[in-house]
file final.cif (mmCIF, C-alpha atoms)
data_structure
loop_
_atom_site.label_atom_id
_atom_site.label_comp_id
_atom_site.auth_asym_id
_atom_site.auth_seq_id
_atom_site.Cartn_x
_atom_site.Cartn_y
_atom_site.Cartn_z
CA MET A 25 134.23 123.00 183.99
CA ASN A 26 135.85 120.87 181.34
CA TYR A 27 137.64 123.46 179.29
CA HIS A 28 141.07 122.54 178.02
CA PHE A 29 143.55 125.27 177.42
CA GLU A 30 145.33 125.05 174.16
CA PHE A 31 148.01 127.38 172.92
CA GLY A 32 149.17 125.34 169.93
CA TRP A 33 147.40 127.68 167.50
CA LEU A 34 149.92 130.35 168.45
CA PHE A 35 152.34 128.93 165.89
CA GLU A 36 149.79 129.06 163.13
CA TYR A 37 148.75 132.63 163.83
CA TYR A 38 152.02 134.14 164.87
CA PRO A 39 152.33 136.28 161.68
CA GLN A 40 149.08 138.05 162.62
CA ILE A 41 150.24 138.55 166.19
CA VAL A 42 153.62 139.92 165.11
CA LYS A 43 151.98 142.23 162.61
CA GLY A 44 149.54 143.40 165.28
CA ILE A 45 152.37 144.13 167.71
CA ALA A 46 154.25 146.03 164.97
CA ILE A 47 151.22 148.20 164.24
CA THR A 48 150.59 148.88 167.92
CA ILE A 49 154.24 149.95 168.27
CA GLU A 50 154.03 152.09 165.13
CA LEU A 51 150.86 153.76 166.43
CA ILE A 52 152.38 154.64 169.79
CA ALA A 53 155.69 155.75 168.27
CA VAL A 54 154.00 158.21 165.93
CA GLY A 55 151.41 159.11 168.55
CA ALA A 56 154.00 159.81 171.25
CA VAL A 57 156.35 161.93 169.12
CA ALA A 58 153.70 163.97 167.32
CA GLY A 59 151.43 164.09 170.38
CA ILE A 60 154.16 165.49 172.64
CA LEU A 61 155.16 168.05 169.97
CA LEU A 62 151.52 169.14 169.72
CA GLY A 63 151.39 169.21 173.51
CA ILE A 64 154.44 171.49 173.65
CA VAL A 65 152.89 173.91 171.16
CA CYS A 66 149.57 173.96 173.06
CA ALA A 67 151.32 174.32 176.42
CA TRP A 68 153.31 177.26 175.04
CA VAL A 69 150.12 178.92 173.82
CA ARG A 70 148.36 178.47 177.13
CA ALA A 71 151.27 179.55 179.30
CA LEU A 72 152.96 182.26 177.22
CA GLY A 73 151.19 182.54 173.86
CA PRO A 74 149.02 185.23 172.30
CA ALA A 75 145.84 185.98 174.25
CA TRP A 76 143.45 185.42 171.34
CA LEU A 77 144.70 181.85 170.83
CA LYS A 78 144.41 180.79 174.47
CA PRO A 79 140.64 180.13 174.55
CA VAL A 80 140.86 178.13 171.33
CA VAL A 81 143.51 175.81 172.75
CA ALA A 82 141.72 175.66 176.11
CA ALA A 83 138.52 174.54 174.35
CA TYR A 84 140.41 171.86 172.41
CA VAL A 85 142.08 170.55 175.56
CA GLU A 86 138.88 170.47 177.62
CA LEU A 87 136.88 168.86 174.83
CA ILE A 88 139.39 166.06 174.33
CA ARG A 89 139.98 165.45 178.03
CA ASN A 90 136.27 165.12 178.76
CA THR A 91 135.21 162.76 175.97
CA PRO A 92 136.09 159.07 175.49
CA PHE A 93 138.88 158.17 173.07
CA LEU A 94 136.53 155.73 171.34
CA ILE A 95 134.14 158.53 170.42
CA GLN A 96 137.00 160.74 169.21
CA LEU A 97 138.11 157.86 167.02
CA PHE A 98 134.60 157.26 165.64
CA PHE A 99 134.14 160.96 165.02
CA ILE A 100 137.37 161.15 163.03
CA PHE A 101 136.85 157.94 161.11
CA PHE A 102 133.09 157.96 160.50
CA GLY A 103 132.22 161.62 161.00
CA LEU A 104 134.91 163.53 159.14
CA PRO A 105 134.24 161.96 155.71
CA SER A 106 131.00 163.98 155.58
CA LEU A 107 133.26 167.07 155.65
CA GLY A 108 135.25 165.56 152.79
CA VAL A 109 138.14 164.33 154.96
CA GLN A 110 138.57 160.68 154.10
CA LEU A 111 141.19 158.85 156.15
CA SER A 112 142.36 155.25 156.11
CA GLU A 113 141.96 153.21 159.31
CA LEU A 114 145.58 153.68 160.28
CA GLN A 115 145.60 157.39 159.46
CA ALA A 116 142.47 157.88 161.54
CA ALA A 117 143.95 155.88 164.42
CA ASN A 118 147.19 157.86 164.26
CA LEU A 119 145.38 161.18 164.10
CA ALA A 120 143.10 160.27 167.03
CA MET A 121 146.08 159.27 169.17
CA VAL A 122 148.01 162.43 168.34
CA VAL A 123 145.00 164.65 169.06
CA ASN A 124 144.31 162.78 172.30
CA LEU A 125 147.86 162.77 173.64
CA GLY A 126 148.34 166.37 172.49
CA ALA A 127 145.55 167.53 174.80
CA TYR A 128 146.67 165.51 177.84
CA SER A 129 150.38 166.25 177.43
CA SER A 130 149.76 169.98 176.99
CA GLU A 131 148.26 170.12 180.50
CA ILE A 132 151.19 168.19 181.94
CA ILE A 133 153.80 170.27 180.10
CA ARG A 134 152.06 173.49 181.07
CA ALA A 135 152.47 172.55 184.72
CA GLY A 136 156.20 172.12 184.03
CA ILE A 137 156.45 175.52 182.34
CA GLN A 138 154.56 177.23 185.14
CA ALA A 139 156.95 175.78 187.70
CA THR A 140 159.85 177.62 186.02
CA PRO A 141 161.29 180.28 188.34
CA ARG A 142 160.64 183.84 187.11
CA GLY A 143 164.36 184.54 187.15
CA GLN A 144 164.87 182.21 184.20
CA PHE A 145 162.62 184.34 182.00
CA GLU A 146 164.29 187.50 183.23
CA ALA A 147 167.75 186.05 182.63
CA GLY A 148 166.75 185.15 179.07
CA ALA A 149 165.36 188.65 178.49
CA SER A 150 168.53 190.25 179.88
CA LEU A 151 170.51 188.31 177.26
CA ALA A 152 168.37 190.06 174.62
CA MET A 153 166.49 186.88 173.79
CA SER A 154 162.96 187.25 172.51
CA PRO A 155 160.26 185.60 174.66
CA PHE A 156 160.11 182.75 172.16
CA GLU A 157 163.88 182.27 172.17
CA THR A 158 163.84 182.24 175.96
CA PHE A 159 161.16 179.58 175.87
CA ARG A 160 162.98 177.50 173.27
CA HIS A 161 166.51 177.70 174.70
CA VAL A 162 166.05 178.30 178.43
CA VAL A 163 162.66 177.17 179.66
CA LEU A 164 161.58 174.19 177.55
CA VAL A 165 164.06 171.43 178.38
CA PRO A 166 164.06 171.87 182.19
CA SER A 167 160.25 172.10 182.06
CA LEU A 168 160.04 168.80 180.22
CA GLN A 169 162.53 167.24 182.60
CA ARG A 170 160.39 168.25 185.57
CA ILE A 171 157.29 166.49 184.28
CA TRP A 172 158.90 163.65 182.33
CA PRO A 173 157.65 160.88 184.71
CA ALA A 174 154.05 162.14 184.47
CA LEU A 175 154.35 162.49 180.71
CA SER A 176 155.72 158.95 180.45
CA SER A 177 152.74 157.55 182.38
CA GLN A 178 150.41 159.36 180.01
CA VAL A 179 152.16 157.87 176.97
CA VAL A 180 151.72 154.40 178.47
CA ILE A 181 148.03 155.11 179.12
CA VAL A 182 147.57 156.19 175.50
CA MET A 183 149.36 153.04 174.30
CA LEU A 184 146.96 150.87 176.32
CA GLY A 185 144.06 152.97 175.09
CA SER A 186 145.11 152.29 171.51
CA ALA A 187 143.53 148.83 171.89
CA VAL A 188 140.24 150.37 170.77
CA VAL A 189 141.53 151.30 167.30
CA SER A 190 140.69 147.70 166.37
CA GLN A 191 137.08 148.94 166.36
CA ILE A 192 137.65 150.87 163.14
CA ALA A 193 139.50 147.83 161.73
CA ALA A 194 143.01 149.19 162.19
CA GLU A 195 144.96 145.94 162.40
CA ASP A 196 146.65 146.35 165.75
CA LEU A 197 147.31 143.71 168.41
CA THR A 198 143.69 143.67 169.59
CA PHE A 199 142.55 143.25 166.01
CA ALA A 200 144.82 140.19 165.76
CA ALA A 201 143.33 138.81 168.98
CA ASN A 202 139.81 139.34 167.66
CA PHE A 203 140.76 137.71 164.37
CA ILE A 204 142.18 134.64 166.08
CA GLN A 205 139.20 134.49 168.40
CA SER A 206 136.78 134.48 165.49
CA ARG A 207 138.75 131.81 163.63
CA THR A 208 139.50 129.40 166.46
CA PHE A 209 136.83 130.23 169.05
CA ARG A 210 139.67 130.17 171.56
CA ALA A 211 138.68 133.51 173.07
CA PHE A 212 140.25 133.02 176.46
CA GLU A 213 143.68 132.04 175.13
CA ALA A 214 143.69 134.72 172.44
CA TYR A 215 142.90 137.49 174.90
CA ILE A 216 145.18 136.17 177.63
CA VAL A 217 148.10 136.07 175.21
CA SER A 218 147.45 139.58 173.91
CA THR A 219 146.92 140.90 177.45
CA VAL A 220 150.31 139.51 178.45
CA VAL A 221 151.85 141.10 175.35
CA TYR A 222 150.28 144.44 176.26
CA LEU A 223 151.63 144.15 179.78
CA MET A 224 155.12 143.50 178.42
CA LEU A 225 154.78 146.37 175.96
CA ALA A 226 153.75 148.69 178.79
CA ILE A 227 156.75 147.68 180.91
CA LEU A 228 159.07 147.98 177.90
CA LEU A 229 157.65 151.36 176.90
CA ARG A 230 158.20 152.68 180.41
CA GLN A 231 161.87 151.60 180.23
CA VAL A 232 162.28 153.16 176.79
CA LEU A 233 160.87 156.43 178.05
CA VAL A 234 163.27 156.43 181.01
CA MET A 235 166.13 155.97 178.55
CA VAL A 236 164.81 158.70 176.27
CA GLY A 237 164.81 160.90 179.37
CA TRP A 238 168.48 160.07 179.98
CA ALA A 239 169.27 160.89 176.37
CA ILE A 240 167.58 164.28 176.10
CA PHE A 241 168.06 165.72 179.57
CA PRO A 242 171.43 166.74 180.99
CA ARG A 243 172.19 164.29 183.75
CA GLY A 244 172.38 165.40 187.35
CA ALA A 245 171.01 168.83 186.47
CA ALA A 246 169.34 170.53 189.40
CA GLN A 247 165.63 170.95 188.92
CA MET B 12 112.75 156.64 153.86
CA ILE B 13 112.16 157.86 157.36
CA GLU B 14 113.55 161.28 158.20
CA PHE B 15 115.15 161.75 161.58
CA THR B 16 115.17 165.09 163.31
CA ILE B 17 117.92 166.18 165.67
CA TRP B 18 115.43 165.73 168.49
CA ASP B 19 114.80 162.09 167.51
CA ILE B 20 118.51 161.43 167.63
CA LEU B 21 119.10 163.33 170.84
CA ARG B 22 116.17 161.69 172.63
CA ASN B 23 117.47 158.22 171.87
CA LEU B 24 120.97 159.12 172.93
CA LEU B 25 119.75 160.65 176.18
CA LEU B 26 117.76 157.52 176.99
CA ALA B 27 120.93 155.46 176.59
CA THR B 28 122.87 157.95 178.71
CA ARG B 29 120.97 156.60 181.72
CA TRP B 30 122.91 153.36 181.37
CA THR B 31 126.21 155.18 181.11
CA ILE B 32 125.38 156.93 184.36
CA VAL B 33 124.20 153.76 186.12
CA LEU B 34 127.26 151.80 185.00
CA SER B 35 129.58 154.64 186.07
CA LEU B 36 127.99 154.79 189.51
CA VAL B 37 128.14 151.02 189.99
CA SER B 38 131.77 150.92 188.88
CA PHE B 39 132.72 153.83 191.03
CA VAL B 40 131.03 152.56 194.19
CA GLY B 41 132.12 148.95 193.69
CA GLY B 42 135.60 149.99 192.65
CA GLY B 43 135.83 152.28 195.65
CA MET B 44 135.02 149.43 198.04
CA ILE B 45 137.58 147.06 196.51
CA GLY B 46 139.99 149.99 196.22
CA LEU B 47 139.69 150.48 199.97
CA VAL B 48 140.55 146.81 200.51
CA LEU B 49 143.56 147.24 198.21
CA LEU B 50 144.59 150.32 200.18
CA PHE B 51 144.58 148.35 203.43
CA LEU B 52 146.49 145.49 201.82
CA ARG B 53 149.03 147.94 200.40
CA LEU B 54 149.57 149.47 203.86
CA SER B 55 149.59 146.16 205.66
CA ARG B 56 152.60 145.04 207.68
CA ARG B 57 152.47 141.64 206.03
CA LYS B 58 154.71 141.36 203.02
CA TRP B 59 152.47 139.02 201.03
CA ALA B 60 149.53 141.39 201.39
CA ARG B 61 151.55 144.33 200.10
CA ALA B 62 152.88 142.24 197.20
CA LEU B 63 149.38 141.01 196.33
CA ALA B 64 147.97 144.52 196.12
CA LYS B 65 151.02 145.75 194.22
CA TYR B 66 150.75 143.07 191.54
CA TYR B 67 147.00 143.50 191.28
CA ILE B 68 147.44 147.22 190.63
CA GLU B 69 150.34 146.61 188.23
CA LEU B 70 148.28 144.09 186.28
CA PHE B 71 145.16 146.21 185.93
CA GLN B 72 147.03 149.44 185.22
CA GLY B 73 149.41 147.77 182.78
CA THR B 74 146.84 146.15 180.50
CA PRO B 75 144.14 147.72 178.33
CA LEU B 76 140.68 148.02 179.87
CA LEU B 77 139.36 146.61 176.60
CA MET B 78 141.30 143.36 177.15
CA GLN B 79 139.95 143.12 180.69
CA LEU B 80 136.45 143.48 179.29
CA PHE B 81 137.07 140.83 176.64
CA ILE B 82 138.44 138.37 179.18
CA ALA B 83 135.48 138.95 181.50
CA PHE B 84 133.02 138.63 178.63
CA PHE B 85 134.42 135.83 176.45
CA GLY B 86 136.70 134.19 178.96
CA LEU B 87 134.26 133.38 181.74
CA GLY B 88 131.70 132.18 179.22
CA LEU B 89 134.01 129.32 178.30
CA PHE B 90 133.84 127.92 181.81
CA GLY B 91 130.12 127.44 181.50
CA ILE B 92 129.34 130.67 183.31
CA ASP B 93 126.77 132.59 181.33
CA VAL B 94 127.97 136.17 181.34
CA PRO B 95 125.60 138.83 180.05
CA ALA B 96 127.22 142.00 178.73
CA TRP B 97 126.14 144.14 181.70
CA LEU B 98 127.71 141.74 184.18
CA ALA B 99 131.02 141.52 182.32
CA ALA B 100 131.01 145.29 181.89
CA GLY B 101 130.30 145.95 185.56
CA LEU B 102 132.78 143.37 186.79
CA ALA B 103 135.68 144.51 184.61
CA LEU B 104 135.05 148.19 185.31
CA ILE B 105 134.82 147.62 189.07
CA LEU B 106 138.13 145.73 189.14
CA TRP B 107 139.80 148.31 186.89
CA THR B 108 138.49 151.26 188.92
CA ALA B 109 139.62 149.58 192.15
CA ALA B 110 143.22 149.38 190.91
CA PHE B 111 143.38 153.08 190.13
CA LEU B 112 141.54 154.28 193.24
CA GLY B 113 143.65 152.02 195.47
CA GLU B 114 146.82 153.57 194.04
CA ILE B 115 145.50 157.15 194.24
CA TRP B 116 144.47 156.69 197.86
CA ARG B 117 147.77 155.10 198.81
CA GLY B 118 149.49 158.26 197.63
CA CYS B 119 147.15 160.31 199.82
CA VAL B 120 147.80 158.17 202.91
CA GLU B 121 151.54 158.36 202.32
CA ALA B 122 151.29 162.14 202.15
CA ILE B 123 150.28 162.16 205.84
CA ALA B 124 153.23 163.05 208.03
CA LYS B 125 155.01 160.18 209.80
CA GLY B 126 154.54 161.95 213.13
CA GLN B 127 150.79 161.33 212.92
CA TRP B 128 151.40 157.56 212.91
CA GLU B 129 153.88 157.83 215.74
CA ALA B 130 151.65 160.08 217.83
CA SER B 131 148.66 157.78 217.47
CA ALA B 132 150.81 154.73 218.18
CA SER B 133 152.06 156.39 221.34
CA LEU B 134 148.42 156.73 222.44
CA GLY B 135 148.22 152.97 222.32
CA MET B 136 146.08 152.79 219.20
CA GLY B 137 146.09 149.66 217.07
CA ARG B 138 146.68 149.75 213.35
CA LEU B 139 142.97 149.89 212.48
CA GLN B 140 142.24 152.52 215.12
CA GLN B 141 145.07 154.64 213.78
CA MET B 142 143.62 154.43 210.29
CA ARG B 143 140.05 155.01 211.43
CA HIS B 144 140.59 157.94 213.79
CA VAL B 145 143.81 159.65 212.71
CA ILE B 146 145.08 158.84 209.25
CA LEU B 147 142.01 158.37 207.05
CA PRO B 148 140.15 161.51 208.14
CA GLN B 149 143.18 163.57 207.09
CA ALA B 150 143.97 161.53 203.98
CA MET B 151 140.35 161.82 202.83
CA ARG B 152 140.72 165.57 202.58
CA ILE B 153 143.66 165.23 200.21
CA ALA B 154 141.97 162.39 198.34
CA VAL B 155 138.83 164.24 197.29
CA PRO B 156 140.16 166.18 194.25
CA PRO B 157 142.01 163.27 192.56
CA THR B 158 139.11 160.91 193.32
CA VAL B 159 136.60 163.27 191.71
CA GLY B 160 139.04 163.67 188.83
CA PHE B 161 139.26 159.92 188.37
CA SER B 162 135.47 159.61 188.18
CA VAL B 163 135.84 161.29 184.76
CA GLN B 164 138.07 158.40 183.67
CA VAL B 165 135.41 155.95 184.87
CA ILE B 166 132.68 157.64 182.81
CA LYS B 167 134.93 157.62 179.76
CA GLY B 168 135.87 154.01 180.49
CA THR B 169 132.22 152.94 180.27
CA ALA B 170 132.35 153.84 176.56
CA LEU B 171 134.42 150.70 175.97
CA THR B 172 131.63 148.46 177.22
CA SER B 173 129.80 149.24 173.97
CA ILE B 174 132.35 146.99 172.27
CA ILE B 175 131.15 143.90 174.14
CA GLY B 176 127.57 144.87 173.35
CA PHE B 177 126.38 146.71 176.43
CA VAL B 178 123.93 149.33 175.22
CA GLU B 179 124.97 152.65 176.69
CA LEU B 180 125.66 156.04 175.15
CA SER B 181 128.42 154.94 172.75
CA LYS B 182 126.57 151.87 171.57
CA ALA B 183 123.45 153.95 171.09
CA GLY B 184 125.57 156.31 169.01
CA THR B 185 126.59 153.45 166.72
CA VAL B 186 123.03 152.13 166.47
CA VAL B 187 121.58 155.55 165.73
CA THR B 188 124.32 156.18 163.14
CA ASN B 189 123.44 152.96 161.39
CA ALA B 190 119.81 154.04 161.25
CA THR B 191 120.31 157.67 160.24
CA PHE B 192 123.58 157.64 158.24
CA GLN B 193 124.58 160.86 159.97
CA PRO B 194 127.80 159.91 161.79
CA PHE B 195 129.03 163.49 162.04
CA THR B 196 125.92 164.72 163.85
CA VAL B 197 125.42 161.64 165.97
CA TYR B 198 128.99 161.20 167.21
CA GLY B 199 129.21 164.96 167.67
CA LEU B 200 126.15 164.81 169.95
CA VAL B 201 127.50 161.74 171.76
CA ALA B 202 130.74 163.61 172.41
CA LEU B 203 128.80 166.62 173.71
CA ILE B 204 126.76 164.46 176.10
CA TYR B 205 129.94 162.88 177.46
CA PHE B 206 131.37 166.36 177.78
CA ALA B 207 128.31 167.53 179.70
CA LEU B 208 128.75 164.59 182.11
CA CYS B 209 132.51 164.86 182.55
CA TRP B 210 133.30 168.55 182.41
CA PRO B 211 131.53 169.55 185.65
CA LEU B 212 133.45 166.80 187.44
CA SER B 213 136.78 167.87 185.93
CA LYS B 214 136.10 171.46 186.83
CA SER B 215 135.04 170.72 190.41
CA SER B 216 138.12 168.55 190.85
CA GLN B 217 140.27 171.54 189.82
CA ILE B 218 138.39 173.91 192.10
CA LEU B 219 138.63 171.53 195.05
CA GLU B 220 142.34 171.15 194.47
CA ARG B 221 142.85 174.90 194.46
CA LYS B 222 140.85 175.24 197.67
CA LEU B 223 142.86 172.54 199.35
CA ASN B 224 146.15 174.15 198.34
CA VAL B 225 145.00 177.43 199.83
CA ALA B 226 144.21 175.63 203.06
CA HIS B 227 147.69 174.17 203.03
CA ARG B 228 149.36 177.50 202.48
CA ASN B 229 147.64 178.93 205.54
CA HIS B 230 149.13 176.37 207.87
#

call {"tool": "encode", "arguments": {"input": "final.cif", "output": "structure tokens"}}
result
Amino acid sequence: MNYHFEFGWLFEYYPQIVKGIAITIELIAVGAVAGILLGIVCAWVRALGPAWLKPVVAAYVELIRNTPFLIQLFFIFFGLPSLGVQLSELQAANLAMVVNLGAYSSEIIRAGIQATPRGQFEAGASLAMSPFETFRHVVLVPSLQRIWPALSSQVVIVMLGSAVVSQIAAEDLTFAANFIQSRTFRAFEAYIVSTVVYLMLAILLRQVLVMVGWAIFPRGAAQ
Amino acid sequence: MIEFTIWDILRNLLLATRWTIVLSLVSFVGGGMIGLVLLFLRLSRRKWARALAKYYIELFQGTPLLMQLFIAFFGLGLFGIDVPAWLAAGLALILWTAAFLGEIWRGCVEAIAKGQWEASASLGMGRLQQMRHVILPQAMRIAVPPTVGFSVQVIKGTALTSIIGFVELSKAGTVVTNATFQPFTVYGLVALIYFALCWPLSKSSQILERKLNVAHRNH
């Protein structure tokens, strides 16, 4: 065992690392916002939406939740071009993350909607709100507040899962680590450094999501 | 040029599925054993033991599984240990699974009413006896649905081992795609096979959960 650790190369390759971190952050930012919006729409359909649409959304959710993200990514990037849908690496990565988080978050959000007391719907109806207006103005925000911790964990899981987008050559943090590894043969250092960065990103993301929760939910509101 | 039928593709994928199943089982069983150790550490009265388990879980849940695989595969090799892909894959998946199962089970043990601990302590039981005869039998009941549910994550996690070169279902998908130039069909079939493995587990986890809730309501 005569391996000497060396982290001096970090200076030389820091532009790649910074770029990789930026892309990972961009991916999760887009993925989280669009994925949660998609999740809200799907949760609405499954809890309150038109009957004919429910099985379609249920099939989408089950299909995504029971297949690996890597395969979803490959299917979108390699498979869809044969249907004439040609996406760049980053577009494919973004789309895969949105589709993936959309399915998981819809299940979480649906649980929040279903925990809404009946009286809330009735109160909305008695104010002459349409079912959709009741959902939008009365039910949605408290439902999200109820499940916000679970939703936050899922966003962090998707962020960590985004490491595999390097496999379709999207230049995220893992891609940078692979690049450095192939140039310097310093595999251990490259992966240790990026693992530590991922750990910090996960901790940071969790804090950001707590603060987002403070910003969008009325404080001290009874659940 | 050779023509490939759907059956040719499917047969090759199904052969590789064996390795997905084997790896999932190994990870699940191995991870379960280490997860049990983590559970005991997490519930220990000694502070260092609790902290050790906590940081272990934090580390493995806070970093990508892919990075853990890379470190096991490339990292150990640098120390003169020859690591074949299957060993790195099994090792990383076992450690990763352990972190999640340990945390899931801790939640189940903590769901057991405090009075159960106090009652068993008042019968003069030691810590291990309490766990063995009173707490774990009850916690196990609660633990079944989430544990079955997590097995789906383990199966999906094995897909990442294709990246370090372990030939299982996903890797076979890539190889077959490269031979047939039919990514849409091949990855579609791969997804369906994963679905066929995972969906029954997801469904039974849901059903078990519903059954358990009914049992609770009748108390």

call {"tool": "closest_residue", "arguments": {"input": "final.cif", "among": "B:Val145, B:Ala99, B:Leu87, B:Leu134", "to": "chain A", "atoms": "only C-alpha atoms"}}
result
B:Leu87

call {"tool": "resolve_selection", "arguments": {"input": "final.cif", "expression": "the PyMOL selection byres ((chain A and resi 197) around 9)", "output": "ChimeraX atom specification"}}
result
/A:40-48,187,190,195-196,198-202,218,221-222

call {"tool": "closest_atom_pairs", "arguments": {"input": "final.cif", "of": "chain A", "to": "chain B", "cutoff": "6 Å", "atoms": "only C-alpha atoms", "output": "tab-separated table"}}
result
residue	atom	partner	partner_atom	distance
A:Met25	CA	B:Phe90	CA	5.4
A:Asn90	CA	B:Phe206	CA	5.1
A:Thr91	CA	B:Tyr205	CA	5.5
A:Pro92	CA	B:Lys167	CA	4.7
A:Phe99	CA	B:Tyr198	CA	5.6
A:Phe102	CA	B:Pro194	CA	5.8
A:Gly103	CA	B:Phe195	CA	3.8
A:Leu184	CA	B:Pro75	CA	4.7
A:Ala211	CA	B:Phe85	CA	5.9
A:Phe212	CA	B:Gly86	CA	4.5
A:Tyr222	CA	B:Thr74	CA	5.7
A:Leu223	CA	B:Gly73	CA	5.2
A:Ala226	CA	B:Gly73	CA	6.0

call {"tool": "closest_residue", "arguments": {"input": "final.cif", "among": "A:Ala239, A:Gln205, A:Phe31, A:Val122", "to": "Ala53 in chain A", "atoms": "only C-alpha atoms"}}
result
A:Val122

call {"tool": "residues_around", "arguments": {"input": "final.cif", "residues": "Pro141 in chain A", "least_positions_apart": "2", "cutoff": "12 Å", "atoms": "all atoms listed in the file", "output": "list in words"}}
result
Gly136, Ile137, Gln138, Ala139, Gly143, Gln144, Phe145, Glu146, Ala147, Gly148, Val162, Val163, Pro166, Ser167 and Gln247 of chain A

call {"tool": "write_last_selection", "arguments": {"input": "final.cif", "atoms": "C-alpha atoms", "output": "short mmCIF file (atom, residue, chain, number, x, y, z; two decimals), keeping the file's coordinate frame"}}
result
data_model
loop_
_atom_site.label_atom_id
_atom_site.label_comp_id
_atom_site.auth_asym_id
_atom_site.auth_seq_id
_atom_site.Cartn_x
_atom_site.Cartn_y
_atom_site.Cartn_z
CA GLY A 136 156.20 172.12 184.03
CA ILE A 137 156.45 175.52 182.34
CA GLN A 138 154.56 177.23 185.14
CA ALA A 139 156.95 175.78 187.70
CA GLY A 143 164.36 184.54 187.15
CA GLN A 144 164.87 182.21 184.20
CA PHE A 145 162.62 184.34 182.00
CA GLU A 146 164.29 187.50 183.23
CA ALA A 147 167.75 186.05 182.63
CA GLY A 148 166.75 185.15 179.07
CA VAL A 162 166.05 178.30 178.43
CA VAL A 163 162.66 177.17 179.66
CA PRO A 166 164.06 171.87 182.19
CA SER A 167 160.25 172.10 182.06
CA GLN A 247 165.63 170.95 188.92
#

call {"tool": "closest_residue", "arguments": {"input": "final.cif", "among": "B:Val159, B:Ile175, B:Val186, B:Ile146", "to": "Ala122 in chain B", "atoms": "only C-alpha atoms"}}
result
B:Ile146

call {"tool": "resolve_selection", "arguments": {"input": "final.cif", "expression": "the PyMOL selection byres ((chain B and resi 39-45) around 12)", "output": "number ranges by chain"}}
result
B: 31-38, 46-52, 64, 67-68, 101-116, 158-166, 168-169

call {"tool": "write_last_selection", "arguments": {"input": "final.cif", "atoms": "C-alpha atoms", "output": "PDB file, keeping the file's coordinate frame"}}
result
ATOM      1  CA  THR B  31     126.210 155.180 181.110  1.00  0.00           C
ATOM      2  CA  ILE B  32     125.380 156.930 184.360  1.00  0.00           C
ATOM      3  CA  VAL B  33     124.200 153.760 186.120  1.00  0.00           C
ATOM      4  CA  LEU B  34     127.260 151.800 185.000  1.00  0.00           C
ATOM      5  CA  SER B  35     129.580 154.640 186.070  1.00  0.00           C
ATOM      6  CA  LEU B  36     127.990 154.790 189.510  1.00  0.00           C
ATOM      7  CA  VAL B  37     128.140 151.020 189.990  1.00  0.00           C
ATOM      8  CA  SER B  38     131.770 150.920 188.880  1.00  0.00           C
ATOM      9  CA  GLY B  46     139.990 149.990 196.220  1.00  0.00           C
ATOM     10  CA  LEU B  47     139.690 150.480 199.970  1.00  0.00           C
ATOM     11  CA  VAL B  48     140.550 146.810 200.510  1.00  0.00           C
ATOM     12  CA  LEU B  49     143.560 147.240 198.210  1.00  0.00           C
ATOM     13  CA  LEU B  50     144.590 150.320 200.180  1.00  0.00           C
ATOM     14  CA  PHE B  51     144.580 148.350 203.430  1.00  0.00           C
ATOM     15  CA  LEU B  52     146.490 145.490 201.820  1.00  0.00           C
ATOM     16  CA  ALA B  64     147.970 144.520 196.120  1.00  0.00           C
ATOM     17  CA  TYR B  67     147.000 143.500 191.280  1.00  0.00           C
ATOM     18  CA  ILE B  68     147.440 147.220 190.630  1.00  0.00           C
ATOM     19  CA  GLY B 101     130.300 145.950 185.560  1.00  0.00           C
ATOM     20  CA  LEU B 102     132.780 143.370 186.790  1.00  0.00           C
ATOM     21  CA  ALA B 103     135.680 144.510 184.610  1.00  0.00           C
ATOM     22  CA  LEU B 104     135.050 148.190 185.310  1.00  0.00           C
ATOM     23  CA  ILE B 105     134.820 147.620 189.070  1.00  0.00           C
ATOM     24  CA  LEU B 106     138.130 145.730 189.140  1.00  0.00           C
ATOM     25  CA  TRP B 107     139.800 148.310 186.890  1.00  0.00           C
ATOM     26  CA  THR B 108     138.490 151.260 188.920  1.00  0.00           C
ATOM     27  CA  ALA B 109     139.620 149.580 192.150  1.00  0.00           C
ATOM     28  CA  ALA B 110     143.220 149.380 190.910  1.00  0.00           C
ATOM     29  CA  PHE B 111     143.380 153.080 190.130  1.00  0.00           C
ATOM     30  CA  LEU B 112     141.540 154.280 193.240  1.00  0.00           C
ATOM     31  CA  GLY B 113     143.650 152.020 195.470  1.00  0.00           C
ATOM     32  CA  GLU B 114     146.820 153.570 194.040  1.00  0.00           C
ATOM     33  CA  ILE B 115     145.500 157.150 194.240  1.00  0.00           C
ATOM     34  CA  TRP B 116     144.470 156.690 197.860  1.00  0.00           C
ATOM     35  CA  THR B 158     139.110 160.910 193.320  1.00  0.00           C
ATOM     36  CA  VAL B 159     136.600 163.270 191.710  1.00  0.00           C
ATOM     37  CA  GLY B 160     139.040 163.670 188.830  1.00  0.00           C
ATOM     38  CA  PHE B 161     139.260 159.920 188.370  1.00  0.00           C
ATOM     39  CA  SER B 162     135.470 159.610 188.180  1.00  0.00           C
ATOM     40  CA  VAL B 163     135.840 161.290 184.760  1.00  0.00           C
ATOM     41  CA  GLN B 164     138.070 158.400 183.670  1.00  0.00           C
ATOM     42  CA  VAL B 165     135.410 155.950 184.870  1.00  0.00           C
ATOM     43  CA  ILE B 166     132.680 157.640 182.810  1.00  0.00           C
ATOM     44  CA  GLY B 168     135.870 154.010 180.490  1.00  0.00           C
ATOM     45  CA  THR B 169     132.220 152.940 180.270  1.00  0.00           C
TER      46      THR B 169
END

call {"tool": "closest_residue", "arguments": {"input": "final.cif", "among": "B:Thr191, B:Ile218, B:Leu223, B:Glu179", "to": "Leu24 in chain B", "atoms": "only C-alpha atoms"}}
result
B:Glu179
